[in-house]
file structure-v1.cif (mmCIF, C-alpha atoms and all ligand atoms)
data_query
#
loop_
_atom_site.label_atom_id
_atom_site.label_comp_id
_atom_site.auth_asym_id
_atom_site.auth_seq_id
_atom_site.Cartn_x
_atom_site.Cartn_y
_atom_site.Cartn_z
CA MET A 1 19.68 12.64 37.84
CA LEU A 2 23.38 13.31 37.48
CA ASN A 3 25.64 15.13 39.91
CA GLY A 4 22.59 15.69 42.10
CA ARG A 5 20.84 17.62 39.35
CA LYS A 6 18.18 16.75 36.85
CA SER A 7 19.63 15.95 33.49
CA LEU A 8 18.59 17.04 30.04
CA PHE A 9 19.53 15.43 26.74
CA SER A 10 18.96 16.45 23.17
CA GLY A 11 20.41 15.16 19.96
CA MET A 12 20.71 17.02 16.71
CA GLN A 13 21.64 15.91 13.23
CA ALA A 14 24.19 17.83 11.23
CA THR A 15 22.27 17.24 8.03
CA GLY A 16 20.60 20.42 6.85
CA THR A 17 21.23 23.89 8.24
CA LEU A 18 19.53 25.19 11.38
CA THR A 19 16.82 27.74 10.77
CA LEU A 20 15.51 30.83 12.47
CA GLY A 21 12.71 28.54 13.71
CA ASN A 22 15.22 26.27 15.47
CA TYR A 23 16.85 29.33 16.99
CA LEU A 24 13.83 31.34 18.17
CA GLY A 25 11.76 28.25 18.98
CA ALA A 26 14.36 26.19 20.77
CA LEU A 27 18.05 27.07 21.00
CA ASN A 28 17.48 30.61 22.24
CA ASN A 29 15.45 29.26 25.15
CA TRP A 30 18.00 26.62 26.08
CA VAL A 31 20.71 29.09 26.97
CA THR A 32 19.63 29.42 30.60
CA LEU A 33 18.73 25.75 31.14
CA ALA A 34 22.26 24.88 32.23
CA ASP A 35 21.62 26.74 35.48
CA GLU A 36 18.98 24.19 36.34
CA TYR A 37 19.92 21.01 34.49
CA GLU A 38 22.98 18.96 33.67
CA CYS A 39 22.70 19.51 29.90
CA PHE A 40 23.90 17.26 27.09
CA TYR A 41 23.60 18.21 23.44
CA SER A 42 24.93 15.57 21.14
CA VAL A 43 25.73 15.93 17.47
CA VAL A 44 24.28 12.55 16.52
CA ASP A 45 26.54 11.57 13.64
CA MET A 46 25.77 7.88 14.19
CA HIS A 47 22.13 8.60 13.44
CA SER A 48 23.08 10.52 10.31
CA ILE A 49 24.63 7.55 8.54
CA THR A 50 21.28 5.72 8.45
CA VAL A 51 20.98 7.74 5.23
CA ARG A 52 23.98 7.85 2.84
CA GLN A 53 26.26 10.78 3.56
CA ASP A 54 29.28 12.19 1.83
CA PRO A 55 32.03 11.64 4.45
CA ALA A 56 33.82 14.97 4.06
CA THR A 57 30.53 16.86 4.12
CA LEU A 58 29.28 15.05 7.21
CA ARG A 59 32.52 15.76 9.05
CA LYS A 60 32.46 19.43 8.06
CA ARG A 61 28.81 19.90 8.93
CA SER A 62 29.21 18.19 12.28
CA ARG A 63 31.87 20.69 13.26
CA GLU A 64 29.78 23.56 11.96
CA LEU A 65 26.79 22.45 13.99
CA LEU A 66 28.81 22.06 17.14
CA THR A 67 30.28 25.55 16.76
CA LEU A 68 26.91 27.02 15.84
CA TYR A 69 25.43 25.81 19.12
CA ILE A 70 28.23 27.53 20.98
CA ALA A 71 27.94 30.67 18.85
CA ALA A 72 24.20 30.78 19.51
CA GLY A 73 24.88 31.07 23.21
CA LEU A 74 25.28 27.61 24.73
CA ASP A 75 28.31 27.84 26.99
CA PRO A 76 30.41 24.73 26.30
CA GLU A 77 31.80 24.82 29.84
CA LYS A 78 28.32 24.42 31.25
CA ASN A 79 26.69 22.39 28.48
CA CYS A 80 28.18 19.13 27.33
CA ILE A 81 28.16 19.55 23.56
CA TYR A 82 29.83 16.50 22.03
CA TYR A 83 29.95 14.05 19.11
CA GLN A 84 27.92 10.88 19.57
CA SER A 85 30.55 8.81 17.71
CA HIS A 86 33.18 9.78 20.30
CA VAL A 87 31.31 7.93 23.02
CA SER A 88 31.20 4.24 22.17
CA ALA A 89 28.74 3.53 24.98
CA HIS A 90 25.98 4.75 22.63
CA ALA A 91 26.56 1.82 20.31
CA GLU A 92 27.11 -0.66 23.10
CA LEU A 93 23.91 0.22 24.94
CA ALA A 94 22.01 0.31 21.66
CA TRP A 95 22.96 -3.33 21.04
CA ILE A 96 21.69 -4.38 24.45
CA LEU A 97 18.47 -2.40 24.09
CA ASN A 98 17.91 -3.92 20.64
CA CYS A 99 17.46 -7.16 22.54
CA PHE A 100 14.70 -5.53 24.60
CA THR A 101 12.80 -3.98 21.70
CA TYR A 102 10.21 -5.77 19.59
CA MET A 103 10.06 -5.76 15.82
CA GLY A 104 6.40 -4.86 16.14
CA GLU A 105 7.22 -1.71 18.09
CA LEU A 106 9.73 -0.55 15.51
CA ASN A 107 7.35 -1.39 12.69
CA ARG A 108 4.90 1.13 14.09
CA MET A 109 7.32 4.07 13.97
CA THR A 110 5.93 6.59 11.51
CA GLN A 111 9.33 8.15 10.84
CA PHE A 112 10.64 4.77 9.69
CA LYS A 113 7.72 4.43 7.32
CA ASP A 114 8.30 7.95 5.95
CA LYS A 115 12.05 7.54 5.63
CA SER A 116 11.89 4.13 4.02
CA ALA A 117 9.46 5.48 1.44
CA LYS A 118 11.85 8.36 0.78
CA HIS A 119 14.98 6.19 0.61
CA ALA A 120 13.48 3.09 -0.99
CA ASP A 121 16.89 2.09 -2.41
CA ASN A 122 18.49 1.95 1.03
CA ILE A 123 16.16 0.59 3.69
CA ASN A 124 18.94 -0.56 5.98
CA ALA A 125 18.68 -2.17 9.40
CA GLY A 126 20.09 1.01 10.98
CA LEU A 127 17.17 3.01 9.70
CA PHE A 128 14.88 0.46 11.31
CA THR A 129 16.64 0.43 14.70
CA TYR A 130 17.30 4.18 14.70
CA PRO A 131 14.82 4.69 17.58
CA VAL A 132 16.72 2.18 19.72
CA LEU A 133 19.93 4.17 19.28
CA MET A 134 17.96 7.25 20.23
CA ALA A 135 16.64 5.48 23.33
CA SER A 136 20.25 4.65 24.25
CA ASP A 137 21.29 8.29 23.83
CA ILE A 138 18.62 9.33 26.27
CA LEU A 139 18.90 6.51 28.80
CA LEU A 140 22.71 6.60 29.03
CA PHE A 141 22.57 9.96 30.78
CA GLN A 142 19.80 9.07 33.25
CA THR A 143 17.92 11.80 31.47
CA ASP A 144 14.97 13.44 33.17
CA VAL A 145 13.90 15.72 30.35
CA VAL A 146 14.23 15.72 26.59
CA PRO A 147 13.36 18.84 24.60
CA VAL A 148 11.84 17.36 21.45
CA GLY A 149 9.47 18.41 18.79
CA ILE A 150 6.22 16.64 18.10
CA ASP A 151 7.86 14.60 15.31
CA GLN A 152 10.10 12.85 17.87
CA MET A 153 7.42 12.14 20.48
CA GLN A 154 6.80 8.61 19.25
CA HIS A 155 10.52 7.84 19.61
CA LEU A 156 10.59 9.28 23.11
CA GLU A 157 7.56 7.17 24.02
CA LEU A 158 9.41 4.08 22.78
CA ALA A 159 12.43 5.02 24.90
CA ARG A 160 10.14 5.17 27.92
CA ASN A 161 8.68 1.76 27.11
CA ILE A 162 12.11 0.20 26.74
CA ALA A 163 13.25 1.77 30.03
CA GLU A 164 10.20 0.53 31.83
CA ARG A 165 10.57 -2.97 30.43
CA PHE A 166 14.22 -3.11 31.45
CA ASN A 167 13.56 -1.70 34.92
CA ASN A 168 10.73 -4.20 35.47
CA ILE A 169 13.13 -7.06 34.88
CA TYR A 170 16.30 -5.74 36.54
CA GLY A 171 15.26 -3.06 39.03
CA GLU A 172 15.62 0.71 38.83
CA VAL A 173 18.43 1.05 36.32
CA PHE A 174 17.15 3.84 34.08
CA THR A 175 15.56 7.17 34.92
CA MET A 176 12.21 7.54 33.19
CA PRO A 177 12.65 10.39 30.69
CA GLN A 178 9.96 12.94 29.96
CA ALA A 179 9.41 15.44 27.22
CA TYR A 180 10.66 18.85 28.30
CA VAL A 181 7.83 21.21 28.76
CA GLY A 182 9.37 24.52 29.62
CA LYS A 183 8.74 27.98 28.46
CA VAL A 184 7.29 27.37 25.02
CA GLY A 185 9.41 28.91 22.34
CA ALA A 186 7.99 30.89 19.52
CA LYS A 187 6.42 28.83 16.77
CA ILE A 188 7.89 30.09 13.53
CA GLN A 189 6.15 29.16 10.29
CA SER A 190 7.39 28.87 6.72
CA LEU A 191 7.74 32.18 4.88
CA GLN A 192 6.25 30.65 1.75
CA ASP A 193 3.41 28.66 3.30
CA PRO A 194 2.52 30.03 6.75
CA SER A 195 0.36 26.98 7.49
CA LYS A 196 3.56 24.88 7.69
CA LYS A 197 6.34 24.95 10.25
CA MET A 198 9.64 26.54 9.14
CA SER A 199 11.80 23.51 8.49
CA LYS A 200 15.46 22.90 7.77
CA SER A 201 14.48 20.28 5.21
CA ASP A 202 12.06 22.45 3.22
CA GLU A 203 12.80 22.11 -0.48
CA ASN A 204 11.93 25.75 -1.14
CA GLU A 205 14.95 27.76 0.04
CA ASN A 206 12.85 30.90 0.34
CA ALA A 207 10.63 29.23 2.92
CA SER A 208 13.28 29.18 5.65
CA ILE A 209 15.79 31.62 7.06
CA TYR A 210 18.98 29.68 7.73
CA LEU A 211 21.16 30.81 10.60
CA THR A 212 23.96 31.04 8.04
CA ASP A 213 22.07 33.35 5.63
CA SER A 214 23.78 36.65 4.79
CA PRO A 215 21.95 39.92 5.64
CA ASP A 216 21.10 40.37 1.94
CA THR A 217 19.61 36.91 1.71
CA VAL A 218 17.63 37.40 4.91
CA ILE A 219 16.16 40.66 3.65
CA ARG A 220 15.42 39.22 0.21
CA LYS A 221 13.60 36.22 1.74
CA PHE A 222 11.48 38.46 3.96
CA LYS A 223 10.65 40.68 1.00
CA ARG A 224 9.35 37.60 -0.79
CA ALA A 225 7.44 36.26 2.22
CA VAL A 226 3.90 35.25 1.36
CA THR A 227 1.29 37.58 2.88
CA ASP A 228 -2.22 38.52 1.69
CA SER A 229 -4.12 41.28 -0.04
CA GLU A 230 -5.66 42.86 3.07
CA ALA A 231 -3.00 45.58 3.09
CA CYS A 232 -3.41 45.95 6.83
CA ILE A 233 -1.08 44.79 9.61
CA ARG A 234 -3.26 42.91 12.06
CA TYR A 235 -2.54 40.01 14.41
CA SER A 236 -5.15 37.61 13.17
CA ASP A 237 -5.48 33.96 12.13
CA GLU A 238 -7.03 35.17 8.91
CA GLN A 239 -3.68 36.71 7.97
CA PRO A 240 -1.29 33.85 8.82
CA GLY A 241 1.62 35.28 6.83
CA ILE A 242 1.48 38.65 8.56
CA LYS A 243 0.88 36.96 11.89
CA ASN A 244 4.05 34.91 11.43
CA LEU A 245 6.06 38.04 10.62
CA ILE A 246 4.62 39.78 13.68
CA ASN A 247 5.62 36.77 15.81
CA ILE A 248 9.15 36.82 14.46
CA TYR A 249 9.52 40.56 14.98
CA SER A 250 7.95 40.31 18.40
CA VAL A 251 10.39 37.66 19.73
CA CYS A 252 13.36 39.43 18.18
CA THR A 253 12.51 42.81 19.69
CA LYS A 254 10.87 41.45 22.88
CA LYS A 255 7.78 43.54 22.10
CA THR A 256 4.27 42.12 22.38
CA PRO A 257 2.35 41.47 19.15
CA GLU A 258 0.02 44.35 20.10
CA GLU A 259 2.96 46.73 20.39
CA VAL A 260 4.21 45.58 17.01
CA VAL A 261 0.82 46.17 15.40
CA LYS A 262 0.78 49.66 16.88
CA GLU A 263 4.30 50.42 15.72
CA PHE A 264 3.35 49.65 12.11
CA GLU A 265 -0.10 51.17 12.09
CA GLY A 266 -0.78 52.71 8.72
CA LYS A 267 2.46 51.34 7.23
CA GLY A 268 2.61 49.12 4.17
CA TYR A 269 3.71 45.47 4.01
CA GLY A 270 6.91 46.50 2.24
CA ASP A 271 8.09 48.66 5.14
CA PHE A 272 7.13 46.03 7.66
CA LYS A 273 8.92 43.22 5.84
CA MET A 274 12.02 45.39 5.56
CA ALA A 275 11.97 46.07 9.30
CA VAL A 276 11.59 42.37 10.12
CA GLY A 277 14.38 41.46 7.69
CA GLU A 278 16.78 44.02 9.13
CA THR A 279 16.03 42.99 12.70
CA VAL A 280 16.57 39.30 11.99
CA ALA A 281 19.76 40.03 10.04
CA SER A 282 21.08 42.04 12.98
CA ILE A 283 20.42 39.12 15.34
CA LEU A 284 22.10 36.58 13.07
CA LYS A 285 25.17 38.67 12.36
CA PRO A 286 26.89 38.35 15.76
CA ILE A 287 26.10 34.61 15.83
CA GLN A 288 27.67 34.15 12.41
CA GLU A 289 30.71 36.19 13.36
CA LYS A 290 31.18 34.21 16.52
CA GLN A 291 30.84 30.93 14.60
CA ALA A 292 33.39 32.06 12.02
CA ASP A 293 35.79 32.94 14.85
CA LEU A 294 35.26 29.60 16.53
CA LEU A 295 35.83 27.69 13.30
CA LYS A 296 39.14 29.51 12.90
CA ASN A 297 40.11 28.83 16.49
CA LYS A 298 40.98 25.17 15.95
CA ASP A 299 42.79 24.54 19.23
CA TYR A 300 40.00 26.00 21.31
CA ILE A 301 37.28 23.94 19.59
CA ASP A 302 39.40 20.79 19.67
CA GLY A 303 39.83 21.34 23.41
CA ILE A 304 36.06 21.60 23.86
CA ILE A 305 35.49 18.47 21.77
CA LYS A 306 38.00 16.52 23.82
CA ALA A 307 36.88 17.71 27.25
CA ASN A 308 33.17 17.33 26.55
CA GLY A 309 33.70 13.96 24.88
CA GLU A 310 35.45 12.77 28.03
CA LYS A 311 32.73 14.15 30.26
CA ALA A 312 29.99 12.46 28.22
CA ASN A 313 32.02 9.27 28.17
CA TYR A 314 32.36 9.29 31.95
CA PHE A 315 28.63 9.49 32.64
CA ALA A 316 27.63 7.20 29.77
CA THR A 317 30.08 4.48 30.79
CA LYS A 318 28.77 4.57 34.32
CA THR A 319 25.28 3.67 33.12
CA LEU A 320 26.59 1.17 30.59
CA ARG A 321 28.59 -0.77 33.20
CA LYS A 322 25.52 -1.02 35.41
CA VAL A 323 23.47 -2.36 32.50
CA GLN A 324 26.16 -4.84 31.44
CA ARG A 325 26.32 -6.18 34.97
CA LYS A 326 22.51 -6.51 35.13
CA VAL A 327 22.27 -8.53 31.94
CA GLY A 328 24.99 -10.90 33.07
CA PHE A 329 28.17 -9.83 31.29
CA PRO A 330 31.28 -10.78 33.30
CA ASP A 331 32.98 -8.10 35.35
CA ARG A 332 36.05 -6.47 33.90
CA ILE A 333 39.32 -7.54 35.48
CA ARG A 334 41.22 -4.46 36.56
N1 LIG A 401 16.08 11.77 16.13
C1 LIG A 401 16.29 13.14 16.48
C2 LIG A 401 15.95 14.03 15.28
O1 LIG A 401 16.08 13.62 14.16
C3 LIG A 401 17.70 13.39 16.89
C4 LIG A 401 18.05 12.64 18.12
C5 LIG A 401 18.89 11.58 18.21
C6 LIG A 401 17.56 12.93 19.43
N2 LIG A 401 18.97 11.17 19.50
C7 LIG A 401 18.18 11.97 20.26
C8 LIG A 401 16.69 13.87 19.95
C9 LIG A 401 17.90 11.94 21.63
C10 LIG A 401 16.44 13.84 21.31
C11 LIG A 401 17.03 12.87 22.14
O2 LIG A 401 15.59 15.17 15.48
#
call {"tool": "encode", "arguments": {"input": "structure-v1.cif", "output": "structure tokens", "more": "lines below"}}
Ligand code: TRP
result
Amino acid sequence: MLNGRKSLFSGMQATGTLTLGNYLGALNNWVTLADEYECFYSVVDMHSITVRQDPATLRKRSRELLTLYIAAGLDPEKNCIYYQSHVSAHAELAWILNCFTYMGELNRMTQFKDKSAKHADNINAGLFTYPVLMASDILLFQTDVVPVGIDQMQHLELARNIAERFNNIYGEVFTMPQAYVGKVGAKIQSLQDPSKKMSKSDENENASIYLTDSPDTVIRKFKRAVTDSEACIRYSDEQPGIKNLINIYSVCTKKTPEEVVKEFEGKGYGDFKMAVGETVASILKPIQEKQADLLKNKDYIDGIIKANGEKANYFATKTLRKVQRKVGFPDRIR
């Protein structure tokens, strides 16, 4: 709880470009959460350097991600959208929590195993303790709910274990975070392999619609979307490609899948794909225009970065000081 309200925290990496799946499945549903929760969305640049990054690219992408969140509808006056590296409490709490986390626990993290296989030439200690930094992100804000995908569940579970361990020793210091189970967003699948989730890290560019794709690109990708040879638009698990397109069209137009099927009765796949492509392009266009405006408006964005960084710092430091006192660090002389 913060300010008498439940708090919500999510972190996002600026590596890779957000997809239509991120937007329709998550972001789009977060817009109204600020009415109910004290919301924090951190661009987790400290997490990003666990894998080698080009400095200029990381800096540029971090700013793009931050502005994209705002352009997609998150009001930066109501949602604290900030850079993790601007709030040093993240690193300070992470150190302390490292001392309350076991090697064995970290060894079990499947993402560490995957990432160390993928980056065998750079298995650094940061990659190993990444989940502890993530636990610090969450626990610093006395977070009640964390909207995370299934791939981050194990990390969230670890954060809960660390919090519980700490609280058992020192009393109720941390709020016990839970996965956010709200209105489930649409599940958007890959356009090239509809059995897989649409992912920002897919190697096949045609598999994902990026929020930054131009209308032409969007339409071209939908034209190439993998379907089937049934030549009939039905909402069925036997036609996963068509089903995915119906889902996308349905969320974008707020029509039910049944209404969509009816609308395209007797039409060919070509017409349907074109309609989906045009609809998606028309949703992305205003977001892209807003982002471009924001990126040009340097003073405004800098103001947001500063104000939200200070806000995040205020709440994070409050928790950090409590923790430092509990573990026996001397009080600061003021
Ligand atoms: N590890 C998350 C990811 O890669 C990002 C992240 C960092 C995060 N800190 C977080 C997510 C805290 C939720 C809460 O997607």
call {"tool": "atom_distance", "arguments": {"input": "structure-v1.cif", "atom1": "CA of Ala231 (chain A)", "atom2": "CA of Val260 (chain A)"}}
result
15.7 Å
call {"tool": "residues_near_point", "arguments": {"input": "structure-v1.cif", "point": "(22.9, 5.0, 12.6)", "cutoff": "10 Å", "atoms": "only C-alpha atoms", "output": "compact mmCIF listing (two decimals) with C-alpha atoms, keeping the file's coordinate frame"}}
result
# COMPACT_ATOMS: atom_id res chain seq x y z
CA VAL A 44 24.28 12.55 16.52
CA ASP A 45 26.54 11.57 13.64
CA MET A 46 25.77 7.88 14.19
CA HIS A 47 22.13 8.60 13.44
CA SER A 48 23.08 10.52 10.31
CA ILE A 49 24.63 7.55 8.54
CA THR A 50 21.28 5.72 8.45
CA VAL A 51 20.98 7.74 5.23
CA SER A 85 30.55 8.81 17.71
CA ALA A 91 26.56 1.82 20.31
CA ASN A 124 18.94 -0.56 5.98
CA ALA A 125 18.68 -2.17 9.40
CA GLY A 126 20.09 1.01 10.98
CA LEU A 127 17.17 3.01 9.70
CA PHE A 128 14.88 0.46 11.31
CA THR A 129 16.64 0.43 14.70
CA TYR A 130 17.30 4.18 14.70
CA PRO A 131 14.82 4.69 17.58
CA VAL A 132 16.72 2.18 19.72
CA LEU A 133 19.93 4.17 19.28
CA MET A 134 17.96 7.25 20.23
call {"tool": "residues_around", "arguments": {"input": "structure-v1.cif", "residues": "Ile219 (chain A)", "least_positions_apart": "4", "cutoff": "10 Å", "atoms": "all atoms listed in the file", "output": "list in words"}}
result
Ile209, Asp213, Ser214, Pro215, Lys223, Arg224, Ala225, Lys273, Met274, Ala275, Val276, Gly277, Glu278, Thr279, Val280 and Ala281 of chain A
call {"tool": "closest_residue", "arguments": {"input": "structure-v1.cif", "among": "A:Asn244, A:Ser190, A:Thr227, A:Asn22", "to": "ligand LIG 401 (chain A)", "atoms": "all atoms listed in the file"}}
result
A:Asn22
call {"tool": "residues_near_ligand", "arguments": {"input": "structure-v1.cif", "ligand": "ligand LIG 401 (chain A)", "cutoff": "9 Å", "atoms": "all atoms listed in the file", "output": "PyMOL selection string"}}
result
chain A and resi 9-13+41-48+84+130-131+133-138+146-149+151-152+155-156
call {"tool": "write_last_selection", "arguments": {"input": "structure-v1.cif", "atoms": "C-alpha atoms", "output": "mmCIF file, keeping the file's coordinate frame"}}
result
data_model
loop_
_atom_site.group_PDB
_atom_site.id
_atom_site.type_symbol
_atom_site.label_atom_id
_atom_site.label_comp_id
_atom_site.auth_asym_id
_atom_site.auth_seq_id
_atom_site.Cartn_x
_atom_site.Cartn_y
_atom_site.Cartn_z
ATOM 1 C CA PHE A 9 19.530 15.430 26.740
ATOM 2 C CA SER A 10 18.960 16.450 23.170
ATOM 3 C CA GLY A 11 20.410 15.160 19.960
ATOM 4 C CA MET A 12 20.710 17.020 16.710
ATOM 5 C CA GLN A 13 21.640 15.910 13.230
ATOM 6 C CA TYR A 41 23.600 18.210 23.440
ATOM 7 C CA SER A 42 24.930 15.570 21.140
ATOM 8 C CA VAL A 43 25.730 15.930 17.470
ATOM 9 C CA VAL A 44 24.280 12.550 16.520
ATOM 10 C CA ASP A 45 26.540 11.570 13.640
ATOM 11 C CA MET A 46 25.770 7.880 14.190
ATOM 12 C CA HIS A 47 22.130 8.600 13.440
ATOM 13 C CA SER A 48 23.080 10.520 10.310
ATOM 14 C CA GLN A 84 27.920 10.880 19.570
ATOM 15 C CA TYR A 130 17.300 4.180 14.700
ATOM 16 C CA PRO A 131 14.820 4.690 17.580
ATOM 17 C CA LEU A 133 19.930 4.170 19.280
ATOM 18 C CA MET A 134 17.960 7.250 20.230
ATOM 19 C CA ALA A 135 16.640 5.480 23.330
ATOM 20 C CA SER A 136 20.250 4.650 24.250
ATOM 21 C CA ASP A 137 21.290 8.290 23.830
ATOM 22 C CA ILE A 138 18.620 9.330 26.270
ATOM 23 C CA VAL A 146 14.230 15.720 26.590
ATOM 24 C CA PRO A 147 13.360 18.840 24.600
ATOM 25 C CA VAL A 148 11.840 17.360 21.450
ATOM 26 C CA GLY A 149 9.470 18.410 18.790
ATOM 27 C CA ASP A 151 7.860 14.600 15.310
ATOM 28 C CA GLN A 152 10.100 12.850 17.870
ATOM 29 C CA HIS A 155 10.520 7.840 19.610
ATOM 30 C CA LEU A 156 10.590 9.280 23.110
#
call {"tool": "closest_atom_pairs", "arguments": {"input": "structure-v1.cif", "of": "region 216-299 of chain A", "to": "region 64-77 of chain A", "cutoff": "9 Å", "atoms": "all atoms listed in the file", "output": "JSON lines"}}
result
{"residue": "A:Leu284", "atom": "CA", "partner": "A:Ala72", "partner_atom": "CA", "distance": 8.9}
{"residue": "A:Pro286", "atom": "CA", "partner": "A:Ala71", "partner_atom": "CA", "distance": 8.3}
{"residue": "A:Ile287", "atom": "CA", "partner": "A:Ala71", "partner_atom": "CA", "distance": 5.3}
{"residue": "A:Gln288", "atom": "CA", "partner": "A:Ala71", "partner_atom": "CA", "distance": 7.3}
{"residue": "A:Glu289", "atom": "CA", "partner": "A:Ala71", "partner_atom": "CA", "distance": 8.3}
{"residue": "A:Lys290", "atom": "CA", "partner": "A:Ala71", "partner_atom": "CA", "distance": 5.3}
{"residue": "A:Gln291", "atom": "CA", "partner": "A:Ala71", "partner_atom": "CA", "distance": 5.2}
{"residue": "A:Ala292", "atom": "CA", "partner": "A:Thr67", "partner_atom": "CA", "distance": 8.6}
{"residue": "A:Leu294", "atom": "CA", "partner": "A:Thr67", "partner_atom": "CA", "distance": 6.4}
{"residue": "A:Leu295", "atom": "CA", "partner": "A:Thr67", "partner_atom": "CA", "distance": 6.9}
call {"tool": "write_last_selection", "arguments": {"input": "structure-v1.cif", "atoms": "C-alpha atoms", "output": "PDB file, keeping the file's coordinate frame"}}
result
ATOM      1  CA  LEU A 284      22.100  36.580  13.070  1.00  0.00           C
ATOM      2  CA  PRO A 286      26.890  38.350  15.760  1.00  0.00           C
ATOM      3  CA  ILE A 287      26.100  34.610  15.830  1.00  0.00           C
ATOM      4  CA  GLN A 288      27.670  34.150  12.410  1.00  0.00           C
ATOM      5  CA  GLU A 289      30.710  36.190  13.360  1.00  0.00           C
ATOM      6  CA  LYS A 290      31.180  34.210  16.520  1.00  0.00           C
ATOM      7  CA  GLN A 291      30.840  30.930  14.600  1.00  0.00           C
ATOM      8  CA  ALA A 292      33.390  32.060  12.020  1.00  0.00           C
ATOM      9  CA  LEU A 294      35.260  29.600  16.530  1.00  0.00           C
ATOM     10  CA  LEU A 295      35.830  27.690  13.300  1.00  0.00           C
TER      11      LEU A 295
END
call {"tool": "atom_distance", "arguments": {"input": "structure-v1.cif", "atom1": "CA of Lys197 (chain A)", "atom2": "CA of Leu20 (chain A)"}}
result
11.1 Å
call {"tool": "closest_residue", "arguments": {"input": "structure-v1.cif", "among": "A:Tyr170, A:Phe141, A:Tyr180, A:Tyr102", "to": "Val87 (chain A)", "atoms": "only C-alpha atoms"}}
result
A:Phe141
call {"tool": "decode", "arguments": {"input": "structure-v1.cif", "residues": "region 59-71 of chain A", "atoms": "N, CA, C and O atoms", "output": "JSON list (two decimals), in the first residue's frame"}}
result
[["chain", "number", "residue", "atom", "x", "y", "z"],
["A", 59, "ARG", "N", 20.37, 3.94, -24.57],
["A", 59, "ARG", "CA", 19.84, 5.23, -24.13],
["A", 59, "ARG", "C", 18.66, 5.67, -25.01],
["A", 59, "ARG", "O", 17.62, 6.11, -24.54],
["A", 60, "LYS", "N", 18.84, 5.50, -26.32],
["A", 60, "LYS", "CA", 17.81, 5.92, -27.28],
["A", 60, "LYS", "C", 16.55, 5.07, -27.09],
["A", 60, "LYS", "O", 15.44, 5.59, -27.00],
["A", 61, "ARG", "N", 16.74, 3.78, -26.98],
["A", 61, "ARG", "CA", 15.58, 2.89, -26.84],
["A", 61, "ARG", "C", 14.85, 3.10, -25.53],
["A", 61, "ARG", "O", 13.63, 2.94, -25.46],
["A", 62, "SER", "N", 15.59, 3.44, -24.48],
["A", 62, "SER", "CA", 14.95, 3.67, -23.19],
["A", 62, "SER", "C", 13.99, 4.85, -23.29],
["A", 62, "SER", "O", 12.86, 4.80, -22.79],
["A", 63, "ARG", "N", 14.45, 5.89, -23.98],
["A", 63, "ARG", "CA", 13.59, 7.07, -24.14],
["A", 63, "ARG", "C", 12.39, 6.74, -25.04],
["A", 63, "ARG", "O", 11.28, 7.20, -24.80],
["A", 64, "GLU", "N", 12.65, 5.95, -26.06],
["A", 64, "GLU", "CA", 11.55, 5.57, -26.95],
["A", 64, "GLU", "C", 10.50, 4.76, -26.21],
["A", 64, "GLU", "O", 9.30, 4.95, -26.39],
["A", 65, "LEU", "N", 10.96, 3.86, -25.36],
["A", 65, "LEU", "CA", 10.00, 3.03, -24.63],
["A", 65, "LEU", "C", 9.17, 3.88, -23.67],
["A", 65, "LEU", "O", 7.95, 3.74, -23.60],
["A", 66, "LEU", "N", 9.85, 4.75, -22.96],
["A", 66, "LEU", "CA", 9.15, 5.62, -22.03],
["A", 66, "LEU", "C", 8.08, 6.46, -22.75],
["A", 66, "LEU", "O", 6.94, 6.55, -22.29],
["A", 67, "THR", "N", 8.43, 7.01, -23.89],
["A", 67, "THR", "CA", 7.46, 7.84, -24.62],
["A", 67, "THR", "C", 6.36, 6.97, -25.25],
["A", 67, "THR", "O", 5.21, 7.40, -25.32],
["A", 68, "LEU", "N", 6.71, 5.75, -25.61],
["A", 68, "LEU", "CA", 5.70, 4.87, -26.21],
["A", 68, "LEU", "C", 4.61, 4.52, -25.18],
["A", 68, "LEU", "O", 3.43, 4.46, -25.51],
["A", 69, "TYR", "N", 5.02, 4.31, -23.95],
["A", 69, "TYR", "CA", 4.04, 4.03, -22.90],
["A", 69, "TYR", "C", 3.06, 5.19, -22.75],
["A", 69, "TYR", "O", 1.86, 5.00, -22.61],
["A", 70, "ILE", "N", 3.62, 6.38, -22.80],
["A", 70, "ILE", "CA", 2.76, 7.57, -22.67],
["A", 70, "ILE", "C", 1.86, 7.70, -23.91],
["A", 70, "ILE", "O", 0.66, 7.91, -23.80],
["A", 71, "ALA", "N", 2.48, 7.50, -25.08],
["A", 71, "ALA", "CA", 1.71, 7.61, -26.33],
["A", 71, "ALA", "C", 0.59, 6.56, -26.39],
["A", 71, "ALA", "O", -0.47, 6.80, -26.96]]
